[in-house]
file coords.txt (compact mmCIF, C-alpha atoms)
# COMPACT_ATOMS: atom_id res chain seq x y z
CA MET A 274 103.26 67.56 103.41
CA SER A 275 106.19 65.89 105.12
CA ALA A 276 107.44 66.44 108.64
CA VAL A 277 110.72 67.67 107.17
CA TYR A 278 108.83 70.37 105.30
CA LEU A 279 106.92 71.37 108.43
CA ASP A 280 109.89 71.49 110.80
CA PRO A 281 110.85 75.07 109.82
CA VAL A 282 107.24 76.15 110.37
CA PHE A 283 107.19 74.51 113.80
CA LYS A 284 110.35 76.44 114.66
CA ALA A 285 108.98 79.74 113.36
CA LEU A 286 105.78 79.31 115.35
CA GLY A 287 107.48 78.05 118.49
CA HIS A 288 105.21 75.01 118.65
CA SER A 289 105.58 71.38 117.61
CA PHE A 290 102.20 70.15 116.45
CA LYS A 291 100.78 66.93 117.78
CA SER A 292 98.36 67.05 114.82
CA PRO A 293 100.40 68.50 111.94
CA GLU A 294 97.45 68.13 109.60
CA LEU A 295 96.00 71.22 111.31
CA LEU A 296 98.98 73.24 110.15
CA VAL A 297 98.72 71.83 106.63
CA GLU A 298 95.08 72.93 106.57
CA ALA A 299 95.99 76.39 107.83
CA LEU A 300 98.57 76.84 105.07
CA SER A 301 96.35 75.59 102.21
CA HIS A 302 94.92 78.27 99.92
CA PRO A 303 91.36 77.78 98.58
CA SER A 304 92.74 78.01 95.02
CA LEU A 305 93.97 74.43 95.39
CA GLY A 306 90.37 73.30 94.99
CA ALA A 307 90.77 70.82 97.81
CA PRO A 308 87.94 70.28 100.30
CA ILE A 309 90.35 71.21 103.10
CA ASN A 310 91.71 74.77 103.10
CA TYR A 311 92.31 77.54 105.59
CA GLN A 312 88.86 79.19 105.45
CA ARG A 313 87.26 77.40 108.41
CA LEU A 314 90.33 77.86 110.58
CA GLU A 315 90.52 81.50 109.54
CA PHE A 316 87.01 81.99 110.97
CA LEU A 317 88.12 80.58 114.32
CA GLY A 318 91.47 82.34 114.35
CA ASP A 319 89.83 85.73 113.94
CA ARG A 320 87.86 85.11 117.16
CA VAL A 321 90.82 83.74 119.09
CA LEU A 322 93.01 86.70 118.13
CA GLY A 323 90.25 89.16 119.02
CA LEU A 324 89.75 87.55 122.43
CA VAL A 325 93.43 87.52 123.33
CA ILE A 326 94.06 91.07 122.13
CA ALA A 327 90.94 92.39 123.86
CA ASP A 328 92.11 90.82 127.12
CA LYS A 329 95.56 92.37 126.72
CA LEU A 330 94.11 95.80 125.99
CA LEU A 331 91.87 95.71 129.06
CA ALA A 332 94.91 94.99 131.21
CA ARG A 333 97.21 97.49 129.48
CA PHE A 334 94.76 100.41 129.35
CA PRO A 335 92.57 100.14 132.47
CA GLU A 336 91.20 103.69 132.08
CA ALA A 337 90.27 103.39 128.40
CA SER A 338 86.64 103.62 127.32
CA GLU A 339 84.93 100.97 125.22
CA GLY A 340 85.22 103.21 122.17
CA GLU A 341 88.95 103.71 122.64
CA LEU A 342 89.50 99.99 123.21
CA ALA A 343 87.56 99.25 120.03
CA LEU A 344 89.79 101.58 118.01
CA ARG A 345 92.92 100.02 119.44
CA LEU A 346 91.62 96.51 118.76
CA ASN A 347 90.65 97.30 115.19
CA ALA A 348 94.11 98.67 114.44
CA LEU A 349 95.78 95.56 115.88
CA VAL A 350 93.67 92.97 114.07
CA ARG A 351 93.26 94.70 110.73
CA ARG A 352 94.38 93.02 107.51
CA GLU A 353 97.59 95.03 107.18
CA THR A 354 98.76 94.09 110.67
CA LEU A 355 98.04 90.40 110.14
CA ALA A 356 99.81 90.40 106.78
CA ALA A 357 102.87 92.04 108.32
CA VAL A 358 103.02 89.39 111.04
CA ALA A 359 102.64 86.63 108.44
CA LEU A 360 105.60 88.01 106.49
CA LYS A 361 107.66 88.42 109.65
CA VAL A 362 107.08 84.79 110.58
CA GLY A 363 107.69 83.63 107.02
CA LEU A 364 104.29 82.07 106.43
CA ASP A 365 104.38 83.32 102.83
CA ARG A 366 107.15 80.82 102.06
CA HIS A 367 105.11 77.88 103.37
CA MET A 368 101.68 78.61 101.88
CA ARG A 369 100.27 75.91 99.59
CA LEU A 370 98.94 77.54 96.42
CA SER A 371 97.62 76.56 93.02
CA ARG A 372 99.90 77.28 90.07
CA SER A 373 97.67 80.12 88.89
CA GLU A 374 97.67 81.73 92.33
CA GLU A 375 101.43 81.30 92.52
CA ASP A 376 101.83 83.00 89.15
CA SER A 377 99.69 85.94 90.27
CA GLN A 378 101.96 86.64 93.26
CA GLY A 379 99.53 85.03 95.71
CA ARG A 380 102.22 84.76 98.36
CA ARG A 381 102.42 88.54 98.58
CA LYS A 382 98.71 89.37 98.63
CA PRO A 383 97.77 91.04 101.94
CA ALA A 384 94.34 89.38 102.06
CA ALA A 385 95.77 85.86 101.68
CA LEU A 386 98.57 86.55 104.15
CA ALA A 387 96.10 87.85 106.72
CA ASP A 388 93.84 84.84 106.22
CA VAL A 389 96.71 82.40 106.65
CA CYS A 390 97.89 84.20 109.79
CA GLU A 391 94.43 83.87 111.36
CA ALA A 392 94.23 80.22 110.29
CA VAL A 393 97.60 79.46 111.87
CA ILE A 394 96.45 81.05 115.13
CA ALA A 395 93.42 78.76 115.03
CA ALA A 396 95.62 75.74 114.32
CA LEU A 397 97.75 76.60 117.34
CA TYR A 398 94.62 76.93 119.44
CA CYS A 399 93.18 73.60 118.26
CA ASP A 400 96.47 71.76 118.77
CA GLY A 401 97.82 73.35 121.94
CA GLY A 402 94.92 75.25 123.46
CA LEU A 403 94.73 78.92 124.34
CA ILE A 404 98.21 78.82 125.88
CA ALA A 405 99.82 77.95 122.53
CA ALA A 406 97.80 80.55 120.62
CA SER A 407 98.39 83.22 123.26
CA SER A 408 102.13 82.56 123.25
CA PHE A 409 102.32 83.18 119.51
CA ILE A 410 100.13 86.28 119.74
CA ALA A 411 102.19 87.68 122.61
CA ALA A 412 105.40 87.17 120.64
CA HIS A 413 104.15 89.25 117.73
CA TRP A 414 101.54 91.62 119.15
CA ASP A 415 102.82 92.70 122.57
CA SER A 416 105.31 95.11 121.00
CA LEU A 417 102.57 96.49 118.74
CA ILE A 418 100.37 97.14 121.75
CA GLU A 419 103.21 98.98 123.48
CA THR A 420 103.73 101.24 120.47
CA GLN A 421 100.10 102.37 120.69
CA THR A 422 100.97 105.35 122.86
CA ARG A 423 97.82 107.03 121.58
CA ALA A 424 94.65 105.35 120.41
CA PRO A 425 93.68 105.74 116.74
CA GLN A 426 91.36 108.74 116.65
CA ASP A 427 89.42 108.72 113.40
CA ALA A 428 86.73 106.11 113.90
CA LYS A 429 84.52 107.86 111.34
CA SER A 430 87.05 107.31 108.57
CA GLU A 431 87.59 103.69 109.58
CA LEU A 432 83.84 103.03 109.60
CA GLN A 433 83.41 104.67 106.21
CA GLU A 434 86.26 102.62 104.73
CA TRP A 435 84.74 99.46 106.19
CA ALA A 436 81.37 100.30 104.65
CA GLN A 437 82.84 101.20 101.25
CA GLY A 438 84.80 97.96 101.20
CA ARG A 439 81.50 96.10 101.39
CA GLY A 440 79.62 98.20 98.85
CA LEU A 441 77.51 100.00 101.46
CA ALA A 442 76.46 103.63 101.46
CA ALA A 443 78.38 105.98 103.72
CA PRO A 444 77.29 106.00 107.37
CA ASP A 445 74.65 108.60 108.20
CA TYR A 446 74.98 110.76 111.32
CA ARG A 447 72.20 112.75 112.98
CA GLU A 448 71.81 114.65 116.19
CA VAL A 449 69.18 113.03 118.41
CA ASN A 450 69.63 115.05 121.58
CA ARG A 451 71.31 118.18 122.96
CA GLU A 452 71.25 119.15 126.60
CA GLY A 453 73.06 121.31 129.11
CA PRO A 454 73.81 125.04 129.06
CA ALA A 455 74.49 126.79 125.77
CA HIS A 456 78.14 127.39 126.66
CA GLN A 457 78.71 123.71 127.55
CA PRO A 458 76.25 121.50 125.66
CA THR A 459 76.31 117.70 125.52
CA PHE A 460 75.43 116.12 122.18
CA THR A 461 73.99 112.70 121.42
CA ILE A 462 74.65 111.58 117.85
CA GLU A 463 73.23 108.48 116.18
CA VAL A 464 75.02 106.75 113.32
CA ALA A 465 73.14 104.50 110.92
CA LEU A 466 74.61 102.01 108.45
CA ALA A 467 72.59 99.98 105.98
CA GLY A 468 71.88 96.48 107.25
CA HIS A 469 72.98 97.20 110.81
CA ALA A 470 71.28 98.54 113.92
CA PRO A 471 72.29 102.13 114.71
CA GLU A 472 74.51 103.17 117.59
CA GLN A 473 74.75 106.37 119.61
CA GLY A 474 77.60 108.39 121.04
CA VAL A 475 77.67 111.22 123.55
CA GLY A 476 80.22 114.03 123.70
CA GLY A 477 80.89 117.66 124.47
CA SER A 478 80.97 118.42 120.74
CA LYS A 479 79.24 116.99 117.71
CA ARG A 480 82.57 115.67 116.41
CA GLU A 481 83.36 113.90 119.66
CA ALA A 482 79.89 112.35 119.79
CA GLU A 483 80.14 111.24 116.16
CA GLN A 484 83.52 109.63 116.79
CA ARG A 485 82.20 107.73 119.79
CA ALA A 486 79.13 106.57 117.91
CA ALA A 487 81.30 105.45 114.97
CA ALA A 488 83.72 103.61 117.28
CA THR A 489 80.90 101.71 118.98
CA LEU A 490 79.29 100.72 115.69
CA LEU A 491 82.65 99.79 114.18
CA ALA A 492 83.40 97.53 117.14
CA ARG A 493 80.10 95.71 116.68
CA VAL A 494 80.16 95.25 112.91
CA THR A 495 83.76 94.05 112.86
CA ALA A 496 83.06 91.53 115.61
CA THR A 497 80.36 89.74 113.56
call {"tool": "encode", "arguments": {"input": "coords.txt", "output": "C-alpha cells"}}
result
Amino acid sequence: MSAVYLDPVFKALGHSFKSPELLVEALSHPSLGAPINYQRLEFLGDRVLGLVIADKLLARFPEASEGELALRLNALVRRETLAAVALKVGLDRHMRLSRSEEDSQGRRKPAALADVCEAVIAALYCDGGLIAASSFIAAHWDSLIETQTRAPQDAKSELQEWAQGRGLAAPDYREVNREGPAHQPTFTIEVALAGHAPEQGVGGSKREAEQRAAATLLARVTAT
C-alpha cells in the first residue's frame, strides 16, 4: 500500500505514521487470507479504548458508582458506537478486503467496521504512544461522553443480550439476603451466568439490586 494511498488516512486520523505498515495491518480484513490482518491489533485496541474511556468517565462523573460507570463505558465502546466512528472517519473506504467480502458489502458490516476502528486505535498507540491514541479517541468520543446526560439504565437487558449473542442461557437472579425494617428493606441479589463467577448487587428494591448485580457482572465479562 503506497504512501499516496495512505496520505488521506493519515489526514483523517490526524497522525502521520512513522511505521505505516501498522496502519496497513489495521486496515486489512482477515478475508484476504494473509498472515497479517487486523485481528491482533483489534485485541489491543479494545483495551486501549477501554482504558482511555474509563479514565475520562472517572474524571467526568466523579460521583458515579462502579455500576453506573460500567453502563456508561459499555455504551461508549459497543459495536454500534465503534462502527459509527469508523464511518465518520471514513475507514470503510480504506479497508483492504477480499473480492468476496467486497461483494457481500463488507465495508458496511458493523462488526468489521468496529474491528477496524479498534485496530486503528491500536496502530496509533503502537506508532505514537498513548498520546496519539488518546488524541484520536478524544476527537471522536468526548462529544459522546457529554451527550450521556443520564447513564444507560437497563443493565439486565444488556447482560441478557450479551449472553444470547454468545449462545448462553439467560442470566439467573436470586435473592440471597434481605435486611432492614419491613417498610424499608435492603435486598441483596445474586446473578449467575453460565461459565462465569456470579456477582451480587444491593439495593432498596429487588429491581435496583438486580440492575446493580447485572451491571457489575456485565462490566467484568465485557472486560475479558
call {"tool": "residues_around", "arguments": {"input": "coords.txt", "residues": "Leu296 of chain A", "least_positions_apart": "6", "cutoff": "10 Å", "atoms": "all atoms listed in the file", "output": "ChimeraX atom specification"}}
result
/A:274,279,282-283,290,311,314,392-397,399-400
call {"tool": "residues_around", "arguments": {"input": "coords.txt", "residues": "Leu346 of chain A", "least_positions_apart": "3", "cutoff": "8 Å", "atoms": "only C-alpha atoms", "output": "ChimeraX atom specification"}}
result
/A:323,326-327,330,342-343,349-350
call {"tool": "atom_distance", "arguments": {"input": "coords.txt", "atom1": "atom CA of Leu490 of chain A", "atom2": "atom CA of Asp328 of chain A"}}
result
19.8 Å
call {"tool": "atom_distance", "arguments": {"input": "coords.txt", "atom1": "atom CA of Lys291 of chain A", "atom2": "atom CA of Arg380 of chain A"}}
result
26.4 Å
call {"tool": "closest_residue", "arguments": {"input": "coords.txt", "among": "A:Glu391, A:Ser304, A:Arg423, A:Val321", "to": "Asp376 of chain A", "atoms": "all atoms listed in the file"}}
result
A:Ser304
call {"tool": "atom_distance", "arguments": {"input": "coords.txt", "atom1": "atom CA of Gly401 of chain A", "atom2": "atom CA of Arg345 of chain A"}}
result
27.2 Å
call {"tool": "residues_around", "arguments": {"input": "coords.txt", "residues": "Glu463 of chain A", "least_positions_apart": "5", "cutoff": "8 Å", "atoms": "only C-alpha atoms", "output": "list in words"}}
result
Tyr446, Arg447, Glu448, Val449, Pro471, Glu472, Gln473, Gly474, Glu483 and Ala486 of chain A
call {"tool": "closest_residue", "arguments": {"input": "coords.txt", "among": "A:Arg439, A:Arg480, A:His288, A:Lys329", "to": "Ala405 of chain A", "atoms": "all atoms listed in the file"}}
result
A:His288
call {"tool": "closest_residue", "arguments": {"input": "coords.txt", "among": "A:Ile410, A:Val297, A:Ala488, A:Ala470", "to": "Asp280 of chain A", "atoms": "all atoms listed in the file"}}
result
A:Val297
call {"tool": "closest_residue", "arguments": {"input": "coords.txt", "among": "A:Leu364, A:Ala307, A:Leu300, A:Leu344", "to": "Pro281 of chain A", "atoms": "only C-alpha atoms"}}
result
A:Leu364
call {"tool": "closest_residue", "arguments": {"input": "coords.txt", "among": "A:Gly306, A:Pro425, A:Gly438, A:Gly340", "to": "Arg372 of chain A", "atoms": "only C-alpha atoms"}}
result
A:Gly306
call {"tool": "closest_residue", "arguments": {"input": "coords.txt", "among": "A:Pro303, A:Gly476, A:Pro383, A:Gly468", "to": "Arg451 of chain A", "atoms": "all atoms listed in the file"}}
result
A:Gly476
call {"tool": "decode", "arguments": {"input": "coords.txt", "residues": "segment 436-465 of chain A", "atoms": "C-alpha atoms", "output": "PDB file, in the first residue's frame"}}
result
ATOM      1  CA  ALA A 436     -25.376 -13.736  26.836  1.00  0.00           C
ATOM      2  CA  GLN A 437     -27.734 -14.515  23.943  1.00  0.00           C
ATOM      3  CA  GLY A 438     -25.157 -13.273  21.459  1.00  0.00           C
ATOM      4  CA  ARG A 439     -22.797 -15.961  22.744  1.00  0.00           C
ATOM      5  CA  GLY A 440     -25.324 -18.785  22.890  1.00  0.00           C
ATOM      6  CA  LEU A 441     -25.603 -18.738  26.683  1.00  0.00           C
ATOM      7  CA  ALA A 442     -28.717 -19.251  28.771  1.00  0.00           C
ATOM      8  CA  ALA A 443     -30.351 -16.154  30.218  1.00  0.00           C
ATOM      9  CA  PRO A 444     -28.795 -14.841  33.437  1.00  0.00           C
ATOM     10  CA  ASP A 445     -30.373 -16.213  36.603  1.00  0.00           C
ATOM     11  CA  TYR A 446     -31.230 -13.890  39.502  1.00  0.00           C
ATOM     12  CA  ARG A 447     -31.912 -14.926  43.093  1.00  0.00           C
ATOM     13  CA  GLU A 448     -32.363 -13.143  46.361  1.00  0.00           C
ATOM     14  CA  VAL A 449     -29.585 -14.055  48.793  1.00  0.00           C
ATOM     15  CA  ASN A 450     -30.313 -11.616  51.596  1.00  0.00           C
ATOM     16  CA  ARG A 451     -32.942  -9.174  52.871  1.00  0.00           C
ATOM     17  CA  GLU A 452     -32.442  -6.955  55.882  1.00  0.00           C
ATOM     18  CA  GLY A 453     -33.791  -3.815  57.492  1.00  0.00           C
ATOM     19  CA  PRO A 454     -37.333  -2.918  58.533  1.00  0.00           C
ATOM     20  CA  ALA A 455     -40.282  -4.185  56.532  1.00  0.00           C
ATOM     21  CA  HIS A 456     -41.144  -0.688  55.292  1.00  0.00           C
ATOM     22  CA  GLN A 457     -37.568  -0.042  54.093  1.00  0.00           C
ATOM     23  CA  PRO A 458     -35.830  -3.324  53.278  1.00  0.00           C
ATOM     24  CA  THR A 459     -32.433  -3.707  51.604  1.00  0.00           C
ATOM     25  CA  PHE A 460     -32.103  -6.550  49.107  1.00  0.00           C
ATOM     26  CA  THR A 461     -29.020  -8.454  48.009  1.00  0.00           C
ATOM     27  CA  ILE A 462     -29.458 -10.166  44.650  1.00  0.00           C
ATOM     28  CA  GLU A 463     -27.013 -12.571  43.024  1.00  0.00           C
ATOM     29  CA  VAL A 464     -26.838 -13.018  39.264  1.00  0.00           C
ATOM     30  CA  ALA A 465     -25.357 -16.157  37.737  1.00  0.00           C
TER      31      ALA A 465
END
